[in-house]
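Q: What follows is model_25.pdb, PDB, C-alpha atoms.
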ATOM      1  CA  MET A  18     -24.632  14.373   2.603
ATOM      2  CA  THR A  19     -22.363  15.517   5.414
ATOM      3  CA  ILE A  20     -18.728  14.677   4.708
ATOM      4  CA  ALA A  21     -17.181  13.072   7.790
ATOM      5  CA  ALA A  22     -13.683  12.927   6.338
ATOM      6  CA  ARG A  23     -11.828  14.259   3.313
ATOM      7  CA  LEU A  24      -8.730  12.125   2.742
ATOM      8  CA  GLY A  25      -5.961  13.337   0.460
ATOM      9  CA  ILE A  26      -3.545  10.957  -1.254
ATOM     10  CA  LEU A  27      -0.263  11.644  -3.054
ATOM     11  CA  VAL A  28       0.243   9.145  -5.894
ATOM     12  CA  ILE A  29       2.970   8.710  -8.517
ATOM     13  CA  HIS A  30       2.174  10.105 -11.935
ATOM     14  CA  ASN A  31       1.179   6.869 -13.698
ATOM     15  CA  ASP A  32      -0.446   4.880 -10.873
ATOM     16  CA  PRO A  33      -4.256   4.680 -11.066
ATOM     17  CA  VAL A  34      -4.603   1.908  -8.480
ATOM     18  CA  PRO A  35      -4.670   3.653  -5.058
ATOM     19  CA  GLU A  36      -7.470   6.066  -5.885
ATOM     20  CA  THR A  37      -9.431   3.373  -7.781
ATOM     21  CA  GLU A  38      -9.281   0.940  -4.889
ATOM     22  CA  ILE A  39      -9.711   3.426  -2.054
ATOM     23  CA  TRP A  40     -12.738   5.056  -3.688
ATOM     24  CA  ARG A  41     -14.398   1.631  -3.841
ATOM     25  CA  MET A  42     -13.757   0.982  -0.155
ATOM     26  CA  VAL A  43     -14.774   4.294   1.419
ATOM     27  CA  PRO A  44     -17.712   4.309   3.842
ATOM     28  CA  ASP A  45     -20.548   6.756   3.257
ATOM     29  CA  GLY A  46     -19.588  10.313   4.057
ATOM     30  CA  VAL A  47     -15.893   9.949   3.131
ATOM     31  CA  SER A  48     -14.294  11.491   0.050
ATOM     32  CA  ILE A  49     -10.891  10.893  -1.561
ATOM     33  CA  HIS A  50      -8.829  13.610  -3.250
ATOM     34  CA  THR A  51      -5.737  12.852  -5.316
ATOM     35  CA  ALA A  52      -2.600  14.792  -6.239
ATOM     36  CA  ARG A  53       0.073  13.289  -8.458
ATOM     37  CA  PHE A  54       3.859  13.597  -8.514
ATOM     38  CA  GLU A  55       6.518  12.371 -10.900
ATOM     39  CA  CYS A  56       7.915   9.017  -9.818
ATOM     40  CA  PRO A  57      11.572   9.493  -8.800
ATOM     41  CA  ARG A  58      12.581   6.209 -10.457
ATOM     42  CA  PRO A  59      14.586   6.929 -13.622
ATOM     43  CA  ALA A  60      13.259   5.145 -16.695
ATOM     44  CA  ASP A  61      14.443   1.564 -17.240
ATOM     45  CA  THR A  62      16.065   1.244 -13.797
ATOM     46  CA  GLU A  63      15.389  -0.456 -10.489
ATOM     47  CA  TYR A  64      14.113   1.859  -7.763
ATOM     48  CA  VAL A  65      16.403   1.874  -4.726
ATOM     49  CA  GLY A  66      15.046   4.712  -2.604
ATOM     50  CA  SER A  67      14.804   8.490  -2.303
ATOM     51  CA  PRO A  68      16.032  10.852   0.417
ATOM     52  CA  ALA A  69      13.020  11.871   2.489
ATOM     53  CA  GLY A  70      13.825  15.566   2.420
ATOM     54  CA  ALA A  71      14.422  15.608  -1.320
ATOM     55  CA  LEU A  72      11.104  13.848  -2.009
ATOM     56  CA  ALA A  73       9.169  16.084   0.389
ATOM     57  CA  HIS A  74      10.656  19.192  -1.258
ATOM     58  CA  ALA A  75      10.158  17.984  -4.846
ATOM     59  CA  PRO A  76       8.154  20.696  -6.643
ATOM     60  CA  ASP A  77       5.225  18.480  -7.628
ATOM     61  CA  VAL A  78       5.048  16.939  -4.124
ATOM     62  CA  VAL A  79       5.052  20.425  -2.604
ATOM     63  CA  ARG A  80       2.343  21.482  -5.046
ATOM     64  CA  GLY A  81       0.218  18.458  -4.162
ATOM     65  CA  LEU A  82       0.606  19.028  -0.427
ATOM     66  CA  ASP A  83      -0.260  22.699  -0.849
ATOM     67  CA  GLN A  84      -3.318  22.033  -2.993
ATOM     68  CA  LEU A  85      -4.685  19.224  -0.819
ATOM     69  CA  GLY A  86      -4.148  21.350   2.253
ATOM     70  CA  ARG A  87      -5.939  24.356   0.742
ATOM     71  CA  LEU A  88      -8.696  22.085  -0.579
ATOM     72  CA  GLY A  89      -9.550  21.175   2.998
ATOM     73  CA  ALA A  90      -8.326  17.591   3.279
ATOM     74  CA  HIS A  91      -8.307  16.277   6.830
ATOM     75  CA  SER A  92      -5.217  14.108   6.237
ATOM     76  CA  ILE A  93      -2.774  13.425   3.397
ATOM     77  CA  ALA A  94      -1.145  10.045   2.689
ATOM     78  CA  LEU A  95       1.938   9.344   0.586
ATOM     79  CA  CYS A  96       0.976   6.221  -1.392
ATOM     80  CA  PHE A  97       4.531   5.214  -2.246
ATOM     81  CA  GLY A  98       5.561   2.511   0.195
ATOM     82  CA  SER A  99       8.828   1.637  -1.546
ATOM     83  CA  SER A 100      10.372   4.948  -0.520
ATOM     84  CA  SER A 101       9.677   4.117   3.133
ATOM     85  CA  PHE A 102      10.935   0.546   2.825
ATOM     86  CA  PHE A 103      14.296   1.698   1.465
ATOM     87  CA  GLY A 104      14.613   4.549   3.938
ATOM     88  CA  GLY A 105      13.310   2.720   6.991
ATOM     89  CA  PRO A 106      11.084   4.240   9.684
ATOM     90  CA  ALA A 107      13.473   7.215   9.780
ATOM     91  CA  PHE A 108      12.294   8.076   6.254
ATOM     92  CA  ASP A 109       8.706   8.218   7.485
ATOM     93  CA  THR A 110       9.609  10.488  10.389
ATOM     94  CA  GLU A 111      11.572  12.912   8.216
ATOM     95  CA  PHE A 112       9.122  12.929   5.324
ATOM     96  CA  ILE A 113       6.125  13.537   7.605
ATOM     97  CA  GLU A 114       7.880  16.382   9.420
ATOM     98  CA  THR A 115       9.188  18.018   6.246
ATOM     99  CA  ALA A 116       5.974  17.589   4.258
ATOM    100  CA  GLY A 117       3.989  19.129   7.094
ATOM    101  CA  ALA A 118       5.560  22.483   6.306
ATOM    102  CA  HIS A 119       3.729  22.478   2.960
ATOM    103  CA  SER A 120       0.328  21.063   3.944
ATOM    104  CA  HIS A 121      -1.222  24.026   5.776
ATOM    105  CA  GLY A 122      -1.341  22.157   9.054
ATOM    106  CA  VAL A 123      -2.962  19.010   7.635
ATOM    107  CA  ARG A 124      -1.621  15.751   9.116
ATOM    108  CA  VAL A 125       0.637  13.853   6.674
ATOM    109  CA  TYR A 126       1.419  10.144   6.887
ATOM    110  CA  THR A 127       2.909   7.450   4.672
ATOM    111  CA  ALA A 128       1.539   4.157   3.410
ATOM    112  CA  ALA A 129       4.207   2.379   5.448
ATOM    113  CA  THR A 130       3.150   4.041   8.708
ATOM    114  CA  ALA A 131      -0.434   3.030   7.932
ATOM    115  CA  ILE A 132       0.632  -0.559   7.250
ATOM    116  CA  THR A 133       2.608  -0.616  10.497
ATOM    117  CA  ALA A 134      -0.388   0.624  12.476
ATOM    118  CA  ALA A 135      -2.633  -1.965  10.822
ATOM    119  CA  LEU A 136      -0.216  -4.801  11.599
ATOM    120  CA  GLN A 137       0.066  -3.710  15.221
ATOM    121  CA  ALA A 138      -3.689  -3.279  15.623
ATOM    122  CA  SER A 139      -4.215  -6.786  14.257
ATOM    123  CA  GLY A 140      -1.513  -8.410  16.392
ATOM    124  CA  ILE A 141       0.269  -9.739  13.306
ATOM    125  CA  ARG A 142       3.725 -11.293  13.666
ATOM    126  CA  ARG A 143       4.207 -13.725  10.744
ATOM    127  CA  PRO A 144       2.671 -12.372   7.544
ATOM    128  CA  LEU A 145       2.853 -13.873   4.099
ATOM    129  CA  LEU A 146       4.218 -10.999   2.001
ATOM    130  CA  VAL A 147       2.631 -10.889  -1.461
ATOM    131  CA  MET A 148       4.924  -8.757  -3.566
ATOM    132  CA  PRO A 149       3.871  -7.076  -6.824
ATOM    133  CA  PRO A 150       5.366  -8.577  -9.982
ATOM    134  CA  TRP A 151       7.404  -5.424 -10.719
ATOM    135  CA  PHE A 152       9.267  -5.469  -7.376
ATOM    136  CA  THR A 153      12.848  -6.774  -7.486
ATOM    137  CA  GLU A 154      15.292  -8.256  -5.001
ATOM    138  CA  PRO A 155      16.455  -4.930  -3.527
ATOM    139  CA  THR A 156      12.843  -4.054  -2.713
ATOM    140  CA  PHE A 157      12.244  -7.514  -1.222
ATOM    141  CA  ARG A 158      15.172  -7.095   1.158
ATOM    142  CA  ALA A 159      14.266  -3.495   1.990
ATOM    143  CA  THR A 160      10.657  -4.442   2.793
ATOM    144  CA  GLU A 161      11.712  -7.294   5.043
ATOM    145  CA  ALA A 162      14.208  -5.021   6.812
ATOM    146  CA  TYR A 163      11.589  -2.327   7.337
ATOM    147  CA  LEU A 164       9.116  -4.799   8.787
ATOM    148  CA  GLY A 165      11.816  -6.151  11.089
ATOM    149  CA  GLU A 166      12.426  -2.640  12.410
ATOM    150  CA  VAL A 167       8.746  -2.198  13.292
ATOM    151  CA  GLY A 168       8.518  -5.484  15.177
ATOM    152  CA  ILE A 169       7.495  -8.153  12.659
ATOM    153  CA  GLU A 170       9.293 -11.260  13.855
ATOM    154  CA  GLU A 171       9.115 -13.423  10.754
ATOM    155  CA  THR A 172       7.997 -13.076   7.150
ATOM    156  CA  ARG A 173       7.614 -15.397   4.189
ATOM    157  CA  LEU A 174       7.682 -13.826   0.764
ATOM    158  CA  VAL A 175       5.968 -14.765  -2.480
ATOM    159  CA  GLN A 176       5.845 -12.740  -5.672
ATOM    160  CA  PHE A 177       2.751 -12.582  -7.855
ATOM    161  CA  GLN A 178       3.532 -14.091 -11.241
ATOM    162  CA  LEU A 179       2.394 -12.471 -14.448
ATOM    163  CA  GLY A 180       1.503 -14.522 -17.515
ATOM    164  CA  PRO A 181       4.078 -15.716 -20.056
ATOM    165  CA  GLU A 182       3.381 -12.710 -22.277
ATOM    166  CA  TRP A 183       5.461 -10.673 -19.804
ATOM    167  CA  ASP A 184       8.516 -12.944 -19.870
ATOM    168  CA  GLY A 185      10.428 -10.598 -22.161
ATOM    169  CA  THR A 186       9.867  -7.530 -19.983
ATOM    170  CA  ALA A 187      12.305  -6.580 -17.242
ATOM    171  CA  ARG A 188      10.459  -6.910 -13.931
ATOM    172  CA  TYR A 189      11.116  -3.321 -12.904
ATOM    173  CA  ASN A 190       9.565  -2.075 -16.152
ATOM    174  CA  ALA A 191       6.372  -4.154 -15.955
ATOM    175  CA  PHE A 192       4.347  -1.501 -14.147
ATOM    176  CA  ASP A 193       5.287   1.238 -16.622
ATOM    177  CA  GLU A 194       4.415  -1.137 -19.450
ATOM    178  CA  GLY A 195       0.872  -1.539 -18.073
ATOM    179  CA  ALA A 196       1.011  -4.825 -16.160
ATOM    180  CA  HIS A 197      -1.228  -3.412 -13.422
ATOM    181  CA  TRP A 198      -4.112  -3.271 -15.917
ATOM    182  CA  THR A 199      -3.887  -7.026 -16.525
ATOM    183  CA  ILE A 200      -4.055  -8.382 -12.947
ATOM    184  CA  ASP A 201      -7.183 -10.403 -12.171
ATOM    185  CA  PRO A 202      -8.256 -10.672  -8.486
ATOM    186  CA  THR A 203      -9.193 -14.299  -9.081
ATOM    187  CA  GLU A 204      -5.611 -15.040 -10.055
ATOM    188  CA  VAL A 205      -4.345 -13.101  -7.030
ATOM    189  CA  HIS A 206      -6.595 -15.248  -4.843
ATOM    190  CA  GLN A 207      -5.394 -18.499  -6.402
ATOM    191  CA  GLN A 208      -1.700 -17.688  -6.190
ATOM    192  CA  VAL A 209      -1.931 -16.487  -2.577
ATOM    193  CA  VAL A 210      -3.900 -19.554  -1.434
ATOM    194  CA  LYS A 211      -1.331 -21.858  -3.032
ATOM    195  CA  ALA A 212       1.566 -20.045  -1.351
ATOM    196  CA  PHE A 213      -0.224 -19.879   2.000
ATOM    197  CA  HIS A 214      -0.709 -23.651   2.088
ATOM    198  CA  ASP A 215       2.874 -24.523   1.140
ATOM    199  CA  PRO A 216       3.414 -27.719   3.191
ATOM    200  CA  ASP A 217       7.151 -27.102   3.546
ATOM    201  CA  THR A 218       6.848 -23.782   5.402
ATOM    202  CA  PRO A 219       5.295 -22.618   8.694
ATOM    203  CA  ARG A 220       1.718 -21.343   8.500
ATOM    204  CA  PRO A 221       1.534 -17.520   8.299
ATOM    205  CA  ASP A 222      -0.808 -15.637  10.619
ATOM    206  CA  SER A 223      -1.912 -13.163   7.935
ATOM    207  CA  VAL A 224      -1.468 -11.928   4.370
ATOM    208  CA  LEU A 225       0.155  -8.558   3.641
ATOM    209  CA  VAL A 226       0.192  -6.855   0.230
ATOM    210  CA  PRO A 227       2.573  -3.893   0.647
ATOM    211  CA  GLY A 228       2.389  -2.427  -2.885
ATOM    212  CA  SER A 229       0.047   0.538  -3.455
ATOM    213  CA  GLY A 230       0.038  -0.036  -7.210
ATOM    214  CA  PHE A 231      -0.857  -3.735  -7.035
ATOM    215  CA  PRO A 232      -4.618  -4.312  -7.647
ATOM    216  CA  SER A 233      -5.700  -6.673  -4.860
ATOM    217  CA  ARG A 234      -8.916  -5.248  -3.395
ATOM    218  CA  GLY A 235     -11.097  -7.849  -5.082
ATOM    219  CA  ALA A 236      -9.150 -10.727  -3.526
ATOM    220  CA  VAL A 237      -9.323  -9.560   0.108
ATOM    221  CA  VAL A 238     -12.699 -10.947   1.183
ATOM    222  CA  PRO A 239     -12.331 -14.321  -0.602
ATOM    223  CA  LEU A 240      -8.890 -14.748   0.968
ATOM    224  CA  GLU A 241     -10.109 -13.864   4.454
ATOM    225  CA  GLN A 242     -13.011 -16.269   4.093
ATOM    226  CA  GLU A 243     -10.908 -19.156   2.798
ATOM    227  CA  LEU A 244      -7.769 -18.712   4.911
ATOM    228  CA  GLY A 245      -9.342 -17.456   8.123
ATOM    229  CA  VAL A 246      -6.630 -14.813   8.717
ATOM    230  CA  PRO A 247      -6.477 -11.023   8.310
ATOM    231  CA  VAL A 248      -5.573  -9.749   4.845
ATOM    232  CA  ILE A 249      -4.052  -6.277   4.806
ATOM    233  CA  THR A 250      -3.251  -4.285   1.698
ATOM    234  CA  SER A 251      -1.426  -0.993   1.433
ATOM    235  CA  ASN A 252      -4.437   0.894   0.058
ATOM    236  CA  GLN A 253      -6.768  -0.589   2.631
ATOM    237  CA  ALA A 254      -4.381   0.417   5.425
ATOM    238  CA  VAL A 255      -4.093   3.955   4.045
ATOM    239  CA  LEU A 256      -7.865   4.342   4.179
ATOM    240  CA  TRP A 257      -8.224   2.748   7.619
ATOM    241  CA  TYR A 258      -5.426   4.814   9.145
ATOM    242  CA  GLY A 259      -6.707   8.040   7.608
ATOM    243  CA  LEU A 260     -10.116   7.365   9.141
ATOM    244  CA  GLN A 261      -8.523   6.596  12.500
ATOM    245  CA  LEU A 262      -6.926  10.042  12.372
ATOM    246  CA  THR A 263      -9.918  12.020  11.154
ATOM    247  CA  ALA A 264     -13.197  10.089  11.530
ATOM    248  CA  PRO A 265     -12.660   7.120  13.853
ATOM    249  CA  GLU A 266     -16.379   6.410  14.027
ATOM    250  CA  SER A 267     -16.186   5.424  10.342
ATOM    251  CA  ALA A 268     -13.291   2.967  10.816
ATOM    252  CA  PRO A 269     -13.190  -0.502  12.365
ATOM    253  CA  HIS A 270     -12.265  -0.486  16.037
ATOM    254  CA  GLN A 271      -8.652  -1.541  16.585
ATOM    255  CA  ALA A 272      -9.709  -4.487  18.738
ATOM    256  CA  THR A 273     -11.548  -6.035  15.804
ATOM    257  CA  ALA A 274      -9.533  -4.605  12.926
ATOM    258  CA  GLY A 275      -7.996  -7.937  12.030
ATOM    259  CA  SER A 276     -11.328  -9.543  11.158
ATOM    260  CA  LEU A 277     -12.946  -6.433   9.699
ATOM    261  CA  PHE A 278     -10.394  -5.080   7.238
ATOM    262  CA  GLY A 279     -11.785  -6.873   4.214
ATOM    263  CA  ARG A 280     -15.408  -7.143   5.256
ATOM    264  CA  ARG A 281     -15.586  -3.518   6.342
ATOM    265  CA  PHE A 282     -14.038  -1.840   3.326
ATOM    266  CA  THR A 283     -14.689  -4.120   0.364
TER     267      THR A 283
END
Rewrite the structure of this file - the entire thing - as structure tokens.
A:
Amino acid sequence: MTIAARLGILVIHNDPVPETEIWRMVPDGVSIHTARFECPRPADTEYVGSPAGALAHAPDVVRGLDQLGRLGAHSIALCFGSSSFFGGPAFDTEFIETAGAHSHGVRVYTAATAITAALQASGIRRPLLVMPPWFTEPTFRATEAYLGEVGIEETRLVQFQLGPEWDGTARYNAFDEGAHWTIDPTEVHQQVVKAFHDPDTPRPDSVLVPGSGFPSRGAVVPLEQELGVPVITSNQAVLWYGLQLTAPESAPHQATAGSLFGRRFT
């Protein structure tokens, strides 16, 4: 088989979700290649951002960029949206420029730039934000601020709720404790539908899942079919944007991206 695109992804050390989901969405002729780096969040703390230059120069990030570049990846994505949300679009610009010095000329982008491109291609203005259960208030505010900077006029936020067995775990520790292994796409679907139809709030024009580590691929098509709006996830956007950069014939056309995200990649 001829490989149309080789997409590299940089993923934090204990996150299996981006590669698992993206591999299941790739069209024929596309391959995914992963490098891992140590998450800059200190243990048992809330994450509140990283300087772009420091993250791009971190030894394991540099090693991943170098290896993916020498491997022959056509593009490399940083699957760590929280860093962009806290740093704003300026983080993306600096990280992409700095990381490019280590990637042997391979184009680098972030999950947040991919999400932004997907939102713009779909004409989205009022998404329902579905936040992972391990995100906390600082990340909520940072995400909303980031989206405001890239032109999203209005957002409504809902957080996925874990079962009662997680009540004794600090939210910011839930991912490290393995909560991502317990999330059922059926439950994601049910919680999002309930929030979407809240009679006391304006109707959103889409659903956005901005967390790379939140398993949501299995809920995309059922949500699109039931709600009749585009559903965009971070991992889906990373794949779509990488294909736009390297193999556009394998990606949905921008004019129809809003209705094809789930059906095309799931």
Q: Residues picked by the PyMOL selection byres ((chain A and resi 102) around 9) here, as a VMD selection string?
A: chain A and resid 66 98 to 101 103 to 106 108 129 156 158 to 164
Q: Determine the residue set returned by the PyMOL selection byres ((chain A and resi 203) around 12) for the present structure, and present it as a PDB file with C-alpha atoms, in the coordinates of the input.
A:
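Okay, selection25.pdb is ready:
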ATOM      1  CA  THR A 199      -3.887  -7.026 -16.525  1.00  0.00           C
ATOM      2  CA  ILE A 200      -4.055  -8.382 -12.947  1.00  0.00           C
ATOM      3  CA  ASP A 201      -7.183 -10.403 -12.171  1.00  0.00           C
ATOM      4  CA  PRO A 202      -8.256 -10.672  -8.486  1.00  0.00           C
ATOM      5  CA  GLU A 204      -5.611 -15.040 -10.055  1.00  0.00           C
ATOM      6  CA  VAL A 205      -4.345 -13.101  -7.030  1.00  0.00           C
ATOM      7  CA  HIS A 206      -6.595 -15.248  -4.843  1.00  0.00           C
ATOM      8  CA  GLN A 207      -5.394 -18.499  -6.402  1.00  0.00           C
ATOM      9  CA  GLN A 208      -1.700 -17.688  -6.190  1.00  0.00           C
ATOM     10  CA  VAL A 209      -1.931 -16.487  -2.577  1.00  0.00           C
ATOM     11  CA  VAL A 210      -3.900 -19.554  -1.434  1.00  0.00           C
ATOM     12  CA  PRO A 232      -4.618  -4.312  -7.647  1.00  0.00           C
ATOM     13  CA  SER A 233      -5.700  -6.673  -4.860  1.00  0.00           C
ATOM     14  CA  ARG A 234      -8.916  -5.248  -3.395  1.00  0.00           C
ATOM     15  CA  GLY A 235     -11.097  -7.849  -5.082  1.00  0.00           C
ATOM     16  CA  ALA A 236      -9.150 -10.727  -3.526  1.00  0.00           C
ATOM     17  CA  VAL A 237      -9.323  -9.560   0.108  1.00  0.00           C
ATOM     18  CA  VAL A 238     -12.699 -10.947   1.183  1.00  0.00           C
ATOM     19  CA  PRO A 239     -12.331 -14.321  -0.602  1.00  0.00           C
ATOM     20  CA  LEU A 240      -8.890 -14.748   0.968  1.00  0.00           C
TER      21      LEU A 240
END
Q: Could you check which of A:Ala191, A:Ala138, A:Leu225, A:Leu145 is closest to Ser251 (chain A), using only C-alpha atoms?
A: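 When distances to Ser251 (chain A) are compared using only C-alpha atoms, the smallest one comes from A:Leu225.
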Q: Any chance you could resolve the PyMOL selection byres ((chain A and resi 113) around 12) against this file and give the residues as JSON, numbers by chain?
A: {"A": [69, 70, 72, 73, 74, 82, 92, 93, 94, 95, 101, 106, 107, 108, 109, 110, 111, 112, 114, 115, 116, 117, 118, 119, 120, 122, 123, 124, 125, 126, 127, 128, 129, 130]}
Q: Please determine, counting all atoms listed in the file, which residue among A:Ile169, A:Met148, A:Leu174, A:Ala135 has the shortest atom-to-atom distance to Arg188 (chain A).
A: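 Closest to Arg188 (chain A) of all the choices is A:Met148.
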